[in-house]
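Trainee: Here it is: the structure, laid out below.
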Amino acid sequence: METLHARYAHALDDDRLEDWPELFTESGKYRIATAENEARGLPLPVLSCDSRAMMRDRVQSLRHANVYEPQRYRHMLSSVLISHLDGERVSSVASFLVIRIMQNGDTAVFASGKYLDRILLSPEPKYEERVVVCDSRRFDTLLAIPL
Amino acid sequence: METLHARYAHALDDDRLEDWPELFTESGKYRIATAENEARGLPLPVLSCDSRAMMRDRVQSLRHANVYEPQRYRHMLSSVLISHLDGERVSSVASFLVIRIMQNGDTAVFASGKYLDRILLSPEPKYEERVVVCDSRRFDTLLAIPL
Amino acid sequence: METLHARYAHALDDDRLEDWPELFTESGKYRIATAENEARGLPLPVLSCDSRAMMRDRVQSLRHANVYEPQRYRHMLSSVLISHLDGERVSSVASFLVIRIMQNGDTAVFASGKYLDRILLSPEPKYEERVVVCDSRRFDTLLAIPL
């Protein structure tokens, strides 16, 4: 399961966006929300995909948009806590930090927060759901790229 | 033991300060120091608690103070090295990084350093001592909150 | 193997530079490159050592130079992915983040990237090769210190 988290991070950081949906089950869910909204029970996430097909569309759009300044990301993960749901699934929480590196070399903390995951273990571990809860309420437009 | 470290980080980052003393033994010690002071053998730590009761008092004070701007923290942990003391205890060192997120969304590195821990393993792992050695000599007043 | 990574990080962060070459095999290789150069297949790395002896020379030079402002580093590691080469060796990739703390207390992200490692397992794990691929193309002169 730590391997799944690591593959997720390296896929995004190596700009292999096409590999990103493949880490989810076919009906896998992905959404980005803010801690503030989650605490208030507000339903509207910043970004939401309800299936792997939607994620693939998302990646296609990003590939064809090409409007952004080229940049790199570096995901750091920490403090994974696991709770077993049943024999087939685990849920986990993990802290993340995303560093953004602009083309001119500027490097800064881009986002921090926690991943709330539900993982199907077999035949190989995949995300049934990944909710990205960001600590900051502020997002810039570049959030179009998965965290 | 990695689970204890992870529970510690999430308790602080989720603003569950009341859970923080419960991760220590009854006579558990907690102090924050700077690398500079530690290297010089200067005894005065930035912050020090000599028992779980003192930690609970500390949390009560923080809850009633309410003078600070609301903020979030995100603890990242890395490079845990363990040395066994005896059958009942382990000591470990780990690197940490704390990100602070202000209410306006500003996000920055707040503190870095290492944890020097002595952990009692049974009946469940708890800190007998956690020394937080900060890399930077500079602290702002917000350090009242545990690292 | 995670222990080797952790010892590497703590040696640099504790300013025990002399311990750094000892984590490599006698003919161990170490180089720092940029993601941009690696992607283009440009051979010229930012810094390169072809043996443990060269690393020891490097450390000696750094110790006698003393021209830099005193500073600390904090290495954070994440997302280790392992592939077994054969019974004696593993190769791995891991993300890193290096924080730099200046003497006045200023703390900032200094470098991010990934380690590409080849590790000899026996008699004790040591690096046969560590390639440090930095995300940013920009380096300041302080890069003389190992990452």
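Labeling convention for the structure tokens: chains A, B, ... as they appear, residues from 1 per chain, ligands from 1 in order of appearance.
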Once you count only C-alpha atoms, which residues of chain C turn out to be within 8 Å of chain A? Could you give them as a list in words?
Mentor: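 Per the criterion, chain C yields Leu77, Ser78, Ser79, Val80, Leu81, Ser95, Phe96, Leu97, Val109, Phe110, Ala111, Ser112, Gly113, Asp135, Ser136, Arg137 and Arg138 of chain C.
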Trainee: Name the residues of region 22-74 of chain B that come out as alpha helix (DSSP H) in a backbone DSSP run; write them as a list in words.
Mentor: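 Filtering region 22-74 of chain B to alpha helix (DSSP H) leaves Ala35, Glu36, Asn37, Glu38, Ala39, Arg40, Arg52, Ala53, Met54, Met55, Arg56, Asp57, Arg58, Val59, Gln60, Ser61, Leu62, Arg63, His64 and Ala65 of chain B.
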Trainee: Going by DSSP on the backbone, which residues of region 1-144 of chain B come out as strand (DSSP E or B)? List them as a PyMOL selection string.
Mentor: chain B and resi 24-34+47-49+71-84+89-102+107-120+126-134
Trainee: What's the 7 Å shell around Val93 (chain C), counting only C-alpha atoms, without same-chain residues fewer than 4 positions away, as a VMD selection string?
Mentor: chain C and resid 80 to 82 114 to 117
Trainee: I'd like the interatomic distance between CA of Pro125 (chain C) and CA of Gly87 (chain B), to a tenth of an Å.
Mentor: 25.7 Å
